[in-house]
file run16.cif (mmCIF, C-alpha atoms)
data_run
#
loop_
_atom_site.label_atom_id
_atom_site.label_comp_id
_atom_site.auth_asym_id
_atom_site.auth_seq_id
_atom_site.Cartn_x
_atom_site.Cartn_y
_atom_site.Cartn_z
CA MET A 1 94.91 118.70 108.68
CA ASN A 2 96.59 117.61 105.50
CA LYS A 3 99.70 119.73 105.11
CA LEU A 4 100.27 118.69 101.50
CA ILE A 5 97.16 120.44 100.39
CA ALA A 6 97.33 123.13 103.07
CA SER A 7 100.54 124.41 101.54
CA ASP A 8 98.84 124.96 98.17
CA PRO A 9 97.55 128.48 97.49
CA ASP A 10 94.06 127.22 96.65
CA PHE A 11 93.74 125.67 100.10
CA ALA A 12 92.69 129.07 101.37
CA THR A 13 89.34 128.52 99.66
CA GLY A 14 88.46 126.12 102.46
CA TYR A 15 87.65 123.21 100.16
CA GLY A 16 90.96 121.54 100.93
CA TYR A 17 90.31 121.66 104.67
CA ARG A 18 86.80 120.37 104.19
CA ALA A 19 88.02 117.59 101.88
CA TRP A 20 90.22 116.13 104.61
CA THR A 21 87.45 116.52 107.16
CA ARG A 22 85.26 114.45 104.83
CA TRP A 23 88.10 111.92 104.54
CA ARG A 24 88.24 111.52 108.34
CA GLN A 25 84.45 111.12 108.38
CA GLY A 26 84.69 108.32 105.81
CA ASN A 27 82.73 110.23 103.15
CA GLN A 28 84.75 109.36 100.06
CA GLU A 29 82.42 110.99 97.55
CA ALA A 30 82.46 114.32 99.41
CA PHE A 31 86.22 114.01 99.92
CA ILE A 32 86.84 113.74 96.18
CA ALA A 33 84.26 116.43 95.36
CA ASP A 34 85.88 118.94 97.73
CA LEU A 35 89.39 117.97 96.68
CA ALA A 36 88.41 118.49 93.03
CA THR A 37 86.83 121.84 93.85
CA SER A 38 89.99 122.87 95.70
CA GLN A 39 92.02 122.03 92.60
CA LEU A 40 89.58 123.90 90.35
CA LYS A 41 89.62 127.02 92.54
CA GLY A 42 93.42 126.85 92.50
CA GLY A 43 93.47 127.05 88.72
CA ARG A 44 94.09 123.38 88.10
CA ALA A 45 90.98 122.39 86.14
CA ASP A 46 92.86 119.45 84.60
CA ALA A 47 93.56 117.96 88.03
CA ALA A 48 89.97 118.58 89.14
CA GLU A 49 88.61 116.82 86.07
CA THR A 50 91.04 113.96 86.58
CA LEU A 51 89.77 113.41 90.12
CA ARG A 52 86.11 113.60 89.11
CA ALA A 53 86.45 111.36 86.05
CA GLY A 54 88.49 108.78 87.97
CA TYR A 55 85.95 108.71 90.79
CA GLY A 56 83.11 108.35 88.29
CA LYS A 57 84.77 105.33 86.70
CA ALA A 58 85.98 103.44 89.76
CA GLY A 59 85.29 105.28 93.01
CA LEU A 60 88.09 106.31 95.34
CA LYS A 61 90.63 103.91 93.81
CA GLY A 62 89.78 105.26 90.37
CA ALA A 63 90.27 108.87 91.48
CA CYS A 64 93.59 108.06 93.14
CA SER A 65 94.83 105.97 90.21
CA ALA A 66 93.87 108.71 87.77
CA MET A 67 95.70 111.34 89.83
CA ILE A 68 98.79 109.18 90.13
CA GLU A 69 98.83 108.72 86.37
CA PHE A 70 98.20 112.47 85.91
CA LEU A 71 101.08 113.39 88.25
CA MET A 72 103.46 110.91 86.69
CA LYS A 73 102.70 112.26 83.22
CA LYS A 74 103.15 115.80 84.50
CA SER A 75 106.50 114.83 86.03
CA ARG A 76 107.87 114.21 82.52
CA THR A 77 107.82 117.96 81.86
CA GLU A 78 108.01 119.55 85.32
CA TYR A 79 108.90 118.70 88.88
CA VAL A 80 106.30 116.74 90.82
CA SER A 81 107.15 115.76 94.38
CA PRO A 82 107.03 112.00 94.96
CA TYR A 83 105.42 112.90 98.28
CA GLY A 84 102.23 113.96 96.49
CA ILE A 85 102.14 110.68 94.61
CA ALA A 86 102.68 108.82 97.91
CA VAL A 87 99.62 110.56 99.36
CA PHE A 88 97.35 109.21 96.62
CA TYR A 89 98.79 105.71 96.98
CA ALA A 90 98.16 105.90 100.73
CA VAL A 91 94.58 107.09 100.27
CA MET A 92 93.81 104.05 98.15
CA GLY A 93 95.59 101.74 100.59
CA ASP A 94 98.56 100.69 98.44
CA LEU A 95 101.22 100.68 101.15
CA ASP A 96 104.09 99.24 99.11
CA HIS A 97 103.83 101.99 96.50
CA THR A 98 103.26 104.58 99.24
CA PHE A 99 106.59 103.67 100.80
CA GLU A 100 108.31 103.51 97.42
CA TYR A 101 107.37 107.14 96.78
CA LEU A 102 108.05 108.26 100.34
CA GLU A 103 111.54 106.80 99.96
CA LYS A 104 111.99 108.74 96.71
CA ALA A 105 110.82 111.91 98.46
CA TYR A 106 113.22 111.22 101.32
CA ARG A 107 116.17 110.65 98.96
CA GLU A 108 115.56 113.90 97.11
CA HIS A 109 114.96 115.84 100.33
CA SER A 110 111.45 116.85 99.34
CA GLY A 111 110.28 119.80 101.43
CA ARG A 112 106.94 118.10 101.92
CA MET A 113 108.55 115.37 104.04
CA GLU A 114 108.49 117.72 107.01
CA TYR A 115 104.72 117.10 107.16
CA ILE A 116 104.87 113.32 107.20
CA LYS A 117 103.76 113.00 110.82
CA ASP A 118 100.72 115.25 110.31
CA GLU A 119 99.54 113.82 106.99
CA ASP A 120 96.01 112.44 107.32
CA ALA A 121 96.55 110.03 104.45
CA PHE A 122 99.43 108.39 106.32
CA GLU A 123 97.41 107.54 109.43
CA GLY A 124 97.36 103.86 108.46
CA LEU A 125 101.15 103.74 108.11
CA ARG A 126 102.09 104.69 111.63
CA SER A 127 102.48 101.14 112.95
CA ASP A 128 104.35 99.91 109.88
CA PRO A 129 108.06 99.25 110.57
CA ARG A 130 108.95 101.05 107.30
CA TYR A 131 107.29 104.21 108.62
CA VAL A 132 109.07 103.94 111.96
CA ASP A 133 112.40 103.44 110.15
CA LEU A 134 111.77 106.42 107.87
CA LEU A 135 111.02 108.67 110.85
CA ARG A 136 114.18 107.44 112.56
CA ARG A 137 116.31 108.21 109.50
CA MET A 138 114.73 111.66 109.33
CA GLY A 139 115.59 112.26 112.97
CA LEU A 140 111.93 112.51 113.99
CA PRO A 141 110.47 110.84 117.09
CA GLN A 142 107.75 108.32 116.39
#
call {"tool": "encode", "arguments": {"input": "run16.cif", "output": "C-alpha cells"}}
result
Amino acid sequence: MNKLIASDPDFATGYGYRAWTRWRQGNQEAFIADLATSQLKGGRADAAETLRAGYGKAGLKGACSAMIEFLMKKSRTEYVSPYGIAVFYAVMGDLDHTFEYLEKAYREHSGRMEYIKDEDAFEGLRSDPRYVDLLRRMGLPQ
C-alpha cells in the first residue's frame, strides 16, 4: 500500500488504494484514473485535472511530469514535501531525480520518509546503492 496517499484524508474513499493496486497490476490508465478520482474526492480538483490532462497528452510520463510541475509551482506559495515529488519521479522511472528529492526530504526531516520502505513507487529503487545508503543513514534495516 502506498503510504503517501494513504495518509491523505481522501484516501478513505478507496480510490487511492485501488490506484496503487492498478499500479502493481501494470494498468497505468486505471492507475491514473483512480489517482485522479482520489484527488477529486479529496477536494483537489486542480490536481485531478493535472493528472488527467498530463496522461491525455503523454501517458504516464505526461501525468507524472504534469504533477511534478504542479507540485513545484504549488511549493512557491505553500509547503510541498519533496517526498511527494520523489514519488512521481519514481513512477516515471527517473531515478536520479527521485533520489535528488528523497535527499531533500531526508535533509528536511520530512515526516513522509518514515514510509520509504513501504512505498510502492520505490520498489525499483531497492537494489540501488543510493537507496541502501539512505536507509542506513536513516537507521533503517534494508
call {"tool": "resolve_selection", "arguments": {"input": "run16.cif", "expression": "the PyMOL selection byres ((chain A and resi 35) around 12)", "output": "number ranges by chain"}}
result
A: 2, 4-6, 8, 10-11, 13-23, 28-34, 36-42, 44-45, 47-52, 55, 60, 63-64, 67, 88
call {"tool": "residues_around", "arguments": {"input": "run16.cif", "residues": "region 107-115 of chain A", "least_positions_apart": "2", "cutoff": "8 Å", "atoms": "all atoms listed in the file", "output": "list in words"}}
result
Lys3, Leu4, Ser81, Pro82, Tyr83, Glu103, Lys104, Ala105, Lys117, Asp118 and Glu119 of chain A
call {"tool": "write_last_selection", "arguments": {"input": "run16.cif", "atoms": "C-alpha atoms", "output": "compact mmCIF listing (two decimals), in the coordinates of the input"}}
result
# COMPACT_ATOMS: atom_id res chain seq x y z
CA LYS A 3 99.70 119.73 105.11
CA LEU A 4 100.27 118.69 101.50
CA SER A 81 107.15 115.76 94.38
CA PRO A 82 107.03 112.00 94.96
CA TYR A 83 105.42 112.90 98.28
CA GLU A 103 111.54 106.80 99.96
CA LYS A 104 111.99 108.74 96.71
CA ALA A 105 110.82 111.91 98.46
CA LYS A 117 103.76 113.00 110.82
CA ASP A 118 100.72 115.25 110.31
CA GLU A 119 99.54 113.82 106.99
call {"tool": "atom_distance", "arguments": {"input": "run16.cif", "atom1": "CA of Arg137 (chain A)", "atom2": "CA of Leu71 (chain A)"}}
result
26.7 Å
call {"tool": "atom_distance", "arguments": {"input": "run16.cif", "atom1": "CA of Val87 (chain A)", "atom2": "CA of Pro129 (chain A)"}}
result
18.0 Å
call {"tool": "closest_residue", "arguments": {"input": "run16.cif", "among": "A:Leu125, A:Ile116, A:Leu102, A:Ala53", "to": "Pro141 (chain A)", "atoms": "only C-alpha atoms"}}
result
A:Ile116
call {"tool": "atom_distance", "arguments": {"input": "run16.cif", "atom1": "CA of Asp128 (chain A)", "atom2": "CA of Ser65 (chain A)"}}
result
22.7 Å
call {"tool": "residues_around", "arguments": {"input": "run16.cif", "residues": "Gly54 (chain A)", "least_positions_apart": "5", "cutoff": "7 Å", "atoms": "only C-alpha atoms", "output": "PDB file with C-alpha atoms, in the frame of the given file"}}
result
ATOM      1  CA  GLY A  59      85.290 105.280  93.010  1.00  0.00           C
ATOM      2  CA  GLY A  62      89.780 105.260  90.370  1.00  0.00           C
ATOM      3  CA  ALA A  63      90.270 108.870  91.480  1.00  0.00           C
ATOM      4  CA  ALA A  66      93.870 108.710  87.770  1.00  0.00           C
TER       5      ALA A  66
END
call {"tool": "closest_residue", "arguments": {"input": "run16.cif", "among": "A:Ile68, A:Ala121, A:Leu140, A:Ala58", "to": "Leu95 (chain A)", "atoms": "only C-alpha atoms"}}
result
A:Ala121
call {"tool": "resolve_selection", "arguments": {"input": "run16.cif", "expression": "the PyMOL selection byres ((chain A and resi 90) around 9)", "output": "PyMOL selection string"}}
result
chain A and resi 85-89+91-95+97-99+121-125
